[in-house]
Amino acid sequence: MRLLIQRVRQAKVEIDGKTISEIGCGLLVFVGICDNDTDTDIDYLSSKLVNLRIFDDSDGIMNLSALDTDADILIVSQFTLYAQTRRGNRPSYILASKPDIAVPVYEKFCREVSRKLGKNVYTGVFGADMQVSLTNNGPVTIWIDSSEKNN
């Protein structure tokens, strides 16, 4: 499982011109899922996400987490995080899970983040053609891959 985390001043998801989800200051999180993701990956990344110290404290140092700041989190599925680009110019997405595997993992991840955050998270619509807009704050963008948790 892969996360691309962006600290944002605002973010929203639209489908067909209609706003589906919207947050102010917080985290926009793109999630990629592969076939070998397990509950261990969900637990690791949900804990990492809510505890990641990337919000400024009173001294302007990134020392506070989403838990510390009561930040909102918007989670959007994005299979393209598993793009393979080594050969040719057309990315391959063969490592990304198909919906029958990915949807339950995505939903469980969202529930686990919500549980650990202590409030609801906002989401996109799995598999939909979404327009995601954001104002990155910093900019701060962080990549986490659960396959690297033991490294």
# chains A, B, ... in the order shown; residues from 1 in each chain; ligands from 1
$ closest_atom_pairs --of "region 81-143 of chain A" --to "region 25-35 of chain A" --cutoff "7 Å" --atoms "only C-alpha atoms" --output "tab-separated table"
residue	atom	partner	partner_atom	distance
A:Leu81	CA	A:Gly32	CA	5.3
A:Tyr82	CA	A:Gly32	CA	6.5
A:Leu95	CA	A:Cys34	CA	5.9
A:Ala96	CA	A:Cys34	CA	4.7
A:Ser97	CA	A:Cys34	CA	4.6
A:Ile101	CA	A:Asp35	CA	6.8
A:Ala102	CA	A:Ile33	CA	5.9
$ write_last_selection --atoms "N, CA and C atoms" --output "CSV table (one decimal), in the first residue's frame"
chain,number,residue,atom,x,y,z
A,81,LEU,N,-0.6,5.3,-8.4
A,81,LEU,CA,0.5,5.3,-7.5
A,81,LEU,C,1.4,4.0,-7.7
A,82,TYR,N,0.8,3.0,-8.4
A,82,TYR,CA,1.5,1.8,-8.7
A,82,TYR,C,2.0,1.7,-10.1
A,95,LEU,N,0.5,-3.8,-11.2
A,95,LEU,CA,0.7,-4.0,-9.8
A,95,LEU,C,-0.5,-3.5,-8.9
A,96,ALA,N,-1.3,-2.6,-9.5
A,96,ALA,CA,-2.4,-2.1,-8.8
A,96,ALA,C,-3.5,-3.1,-8.7
A,97,SER,N,-4.1,-3.2,-7.5
A,97,SER,CA,-5.2,-4.2,-7.3
A,97,SER,C,-6.5,-3.8,-8.2
A,101,ILE,N,-10.6,-6.5,-5.1
A,101,ILE,CA,-9.6,-6.5,-4.0
A,101,ILE,C,-9.4,-5.2,-3.3
A,102,ALA,N,-9.3,-4.1,-4.1
A,102,ALA,CA,-8.9,-2.8,-3.6
A,102,ALA,C,-10.0,-2.1,-2.8
$ select_by_dssp --residues "region 50-116 of chain A" --states "helix (DSSP H, G or I)" --output "PDB file with N, CA and C atoms, in the first residue's frame"
ATOM      1  N   VAL A  50      -1.891   9.367  10.918  1.00  0.00           N
ATOM      2  CA  VAL A  50      -2.472  10.254  11.947  1.00  0.00           C
ATOM      3  C   VAL A  50      -1.415  10.788  12.913  1.00  0.00           C
ATOM      4  N   ASN A  51      -0.265  10.111  12.992  1.00  0.00           N
ATOM      5  CA  ASN A  51       0.791  10.531  13.923  1.00  0.00           C
ATOM      6  C   ASN A  51       1.962  11.254  13.260  1.00  0.00           C
ATOM      7  N   ALA A  66      -1.675  15.238  12.811  1.00  0.00           N
ATOM      8  CA  ALA A  66      -3.105  15.451  12.560  1.00  0.00           C
ATOM      9  C   ALA A  66      -3.891  15.266  13.858  1.00  0.00           C
ATOM     10  N   LEU A  67      -3.464  14.334  14.693  1.00  0.00           N
ATOM     11  CA  LEU A  67      -4.112  14.138  15.995  1.00  0.00           C
ATOM     12  C   LEU A  67      -3.937  15.371  16.878  1.00  0.00           C
ATOM     13  N   ASP A  68      -2.734  15.923  16.897  1.00  0.00           N
ATOM     14  CA  ASP A  68      -2.436  17.089  17.736  1.00  0.00           C
ATOM     15  C   ASP A  68      -3.210  18.324  17.306  1.00  0.00           C
ATOM     16  N   THR A  69      -3.456  18.453  16.009  1.00  0.00           N
ATOM     17  CA  THR A  69      -4.047  19.680  15.463  1.00  0.00           C
ATOM     18  C   THR A  69      -5.522  19.533  15.109  1.00  0.00           C
ATOM     19  N   PHE A  79      -5.034   4.397  -8.136  1.00  0.00           N
ATOM     20  CA  PHE A  79      -4.293   3.228  -8.598  1.00  0.00           C
ATOM     21  C   PHE A  79      -3.009   3.600  -9.316  1.00  0.00           C
ATOM     22  N   THR A  80      -2.917   4.825  -9.835  1.00  0.00           N
ATOM     23  CA  THR A  80      -1.722   5.220 -10.580  1.00  0.00           C
ATOM     24  C   THR A  80      -0.482   5.341  -9.700  1.00  0.00           C
ATOM     25  N   LEU A  81      -0.641   5.264  -8.383  1.00  0.00           N
ATOM     26  CA  LEU A  81       0.542   5.258  -7.510  1.00  0.00           C
ATOM     27  C   LEU A  81       1.371   3.988  -7.723  1.00  0.00           C
ATOM     28  N   TYR A  82       0.784   2.988  -8.359  1.00  0.00           N
ATOM     29  CA  TYR A  82       1.527   1.762  -8.676  1.00  0.00           C
ATOM     30  C   TYR A  82       1.966   1.710 -10.139  1.00  0.00           C
ATOM     31  N   PRO A  99     -10.600  -3.626  -8.568  1.00  0.00           N
ATOM     32  CA  PRO A  99     -11.587  -3.176  -7.582  1.00  0.00           C
ATOM     33  C   PRO A  99     -12.084  -4.245  -6.606  1.00  0.00           C
ATOM     34  N   ASP A 100     -12.233  -5.483  -7.041  1.00  0.00           N
ATOM     35  CA  ASP A 100     -12.746  -6.511  -6.120  1.00  0.00           C
ATOM     36  C   ASP A 100     -11.833  -6.722  -4.915  1.00  0.00           C
ATOM     37  N   ILE A 101     -10.560  -6.452  -5.074  1.00  0.00           N
ATOM     38  CA  ILE A 101      -9.608  -6.550  -3.962  1.00  0.00           C
ATOM     39  C   ILE A 101      -9.411  -5.177  -3.317  1.00  0.00           C
ATOM     40  N   ALA A 102      -9.271  -4.144  -4.145  1.00  0.00           N
ATOM     41  CA  ALA A 102      -8.913  -2.818  -3.645  1.00  0.00           C
ATOM     42  C   ALA A 102     -10.016  -2.139  -2.841  1.00  0.00           C
ATOM     43  N   VAL A 103     -11.269  -2.267  -3.253  1.00  0.00           N
ATOM     44  CA  VAL A 103     -12.350  -1.553  -2.573  1.00  0.00           C
ATOM     45  C   VAL A 103     -12.439  -1.926  -1.091  1.00  0.00           C
ATOM     46  N   PRO A 104     -12.475  -3.215  -0.735  1.00  0.00           N
ATOM     47  CA  PRO A 104     -12.534  -3.542   0.702  1.00  0.00           C
ATOM     48  C   PRO A 104     -11.317  -3.043   1.487  1.00  0.00           C
ATOM     49  N   VAL A 105     -10.145  -3.088   0.886  1.00  0.00           N
ATOM     50  CA  VAL A 105      -8.934  -2.607   1.562  1.00  0.00           C
ATOM     51  C   VAL A 105      -9.019  -1.090   1.749  1.00  0.00           C
ATOM     52  N   TYR A 106      -9.421  -0.380   0.712  1.00  0.00           N
ATOM     53  CA  TYR A 106      -9.585   1.075   0.784  1.00  0.00           C
ATOM     54  C   TYR A 106     -10.591   1.453   1.870  1.00  0.00           C
ATOM     55  N   GLU A 107     -11.727   0.797   1.871  1.00  0.00           N
ATOM     56  CA  GLU A 107     -12.765   1.107   2.864  1.00  0.00           C
ATOM     57  C   GLU A 107     -12.290   0.814   4.287  1.00  0.00           C
ATOM     58  N   LYS A 108     -11.584  -0.291   4.454  1.00  0.00           N
ATOM     59  CA  LYS A 108     -11.058  -0.631   5.780  1.00  0.00           C
ATOM     60  C   LYS A 108     -10.006   0.386   6.222  1.00  0.00           C
ATOM     61  N   PHE A 109      -9.152   0.815   5.292  1.00  0.00           N
ATOM     62  CA  PHE A 109      -8.153   1.830   5.607  1.00  0.00           C
ATOM     63  C   PHE A 109      -8.838   3.119   6.068  1.00  0.00           C
ATOM     64  N   CYS A 110      -9.856   3.554   5.338  1.00  0.00           N
ATOM     65  CA  CYS A 110     -10.581   4.785   5.707  1.00  0.00           C
ATOM     66  C   CYS A 110     -11.214   4.647   7.088  1.00  0.00           C
ATOM     67  N   ARG A 111     -11.818   3.496   7.372  1.00  0.00           N
ATOM     68  CA  ARG A 111     -12.419   3.279   8.698  1.00  0.00           C
ATOM     69  C   ARG A 111     -11.364   3.305   9.794  1.00  0.00           C
ATOM     70  N   GLU A 112     -10.208   2.721   9.526  1.00  0.00           N
ATOM     71  CA  GLU A 112      -9.139   2.664  10.531  1.00  0.00           C
ATOM     72  C   GLU A 112      -8.544   4.048  10.786  1.00  0.00           C
ATOM     73  N   VAL A 113      -8.359   4.842   9.744  1.00  0.00           N
ATOM     74  CA  VAL A 113      -7.875   6.208   9.927  1.00  0.00           C
ATOM     75  C   VAL A 113      -8.891   6.995  10.746  1.00  0.00           C
ATOM     76  N   SER A 114     -10.165   6.856  10.431  1.00  0.00           N
ATOM     77  CA  SER A 114     -11.222   7.543  11.167  1.00  0.00           C
ATOM     78  C   SER A 114     -11.214   7.146  12.643  1.00  0.00           C
ATOM     79  N   ARG A 115     -11.069   5.859  12.903  1.00  0.00           N
ATOM     80  CA  ARG A 115     -11.035   5.368  14.284  1.00  0.00           C
ATOM     81  C   ARG A 115      -9.847   5.955  15.041  1.00  0.00           C
ATOM     82  N   LYS A 116      -8.677   5.933  14.431  1.00  0.00           N
ATOM     83  CA  LYS A 116      -7.467   6.433  15.091  1.00  0.00           C
ATOM     84  C   LYS A 116      -7.466   7.952  15.220  1.00  0.00           C
TER      85      LYS A 116
END
$ closest_residue --among "A:Met1, A:Ile75, A:Ile54, A:Leu45" --to "Glu22 (chain A)" --atoms "only C-alpha atoms"
A:Ile75
$ atom_distance --atom1 "CA of Asn89 (chain A)" --atom2 "CA of Leu134 (chain A)"
27.6 Å
$ residues_around --residues "region 128-133 of chain A" --least-positions-apart "5" --cutoff "8 Å" --atoms "only C-alpha atoms" --output "list of chain:residue names"
A:Ala11, A:Lys12, A:Val13, A:Glu14, A:Ile15, A:Asp16
$ write_last_selection --atoms "N, CA and C atoms" --output "short mmCIF file (atom, residue, chain, number, x, y, z; two decimals), in the first residue's frame"
data_model
loop_
_atom_site.label_atom_id
_atom_site.label_comp_id
_atom_site.auth_asym_id
_atom_site.auth_seq_id
_atom_site.Cartn_x
_atom_site.Cartn_y
_atom_site.Cartn_z
N ALA A 11 -8.69 21.36 0.19
CA ALA A 11 -8.74 20.35 -0.87
C ALA A 11 -10.19 19.95 -1.07
N LYS A 12 -10.51 19.60 -2.32
CA LYS A 12 -11.86 19.12 -2.58
C LYS A 12 -11.86 18.15 -3.74
N VAL A 13 -12.89 17.32 -3.75
CA VAL A 13 -13.11 16.34 -4.81
C VAL A 13 -14.44 16.68 -5.46
N GLU A 14 -14.41 16.78 -6.79
CA GLU A 14 -15.63 17.02 -7.56
C GLU A 14 -15.84 15.89 -8.56
N ILE A 15 -17.09 15.55 -8.80
CA ILE A 15 -17.47 14.61 -9.84
C ILE A 15 -18.59 15.27 -10.63
N ASP A 16 -18.39 15.38 -11.94
CA ASP A 16 -19.37 16.02 -12.82
C ASP A 16 -19.77 17.41 -12.31
#
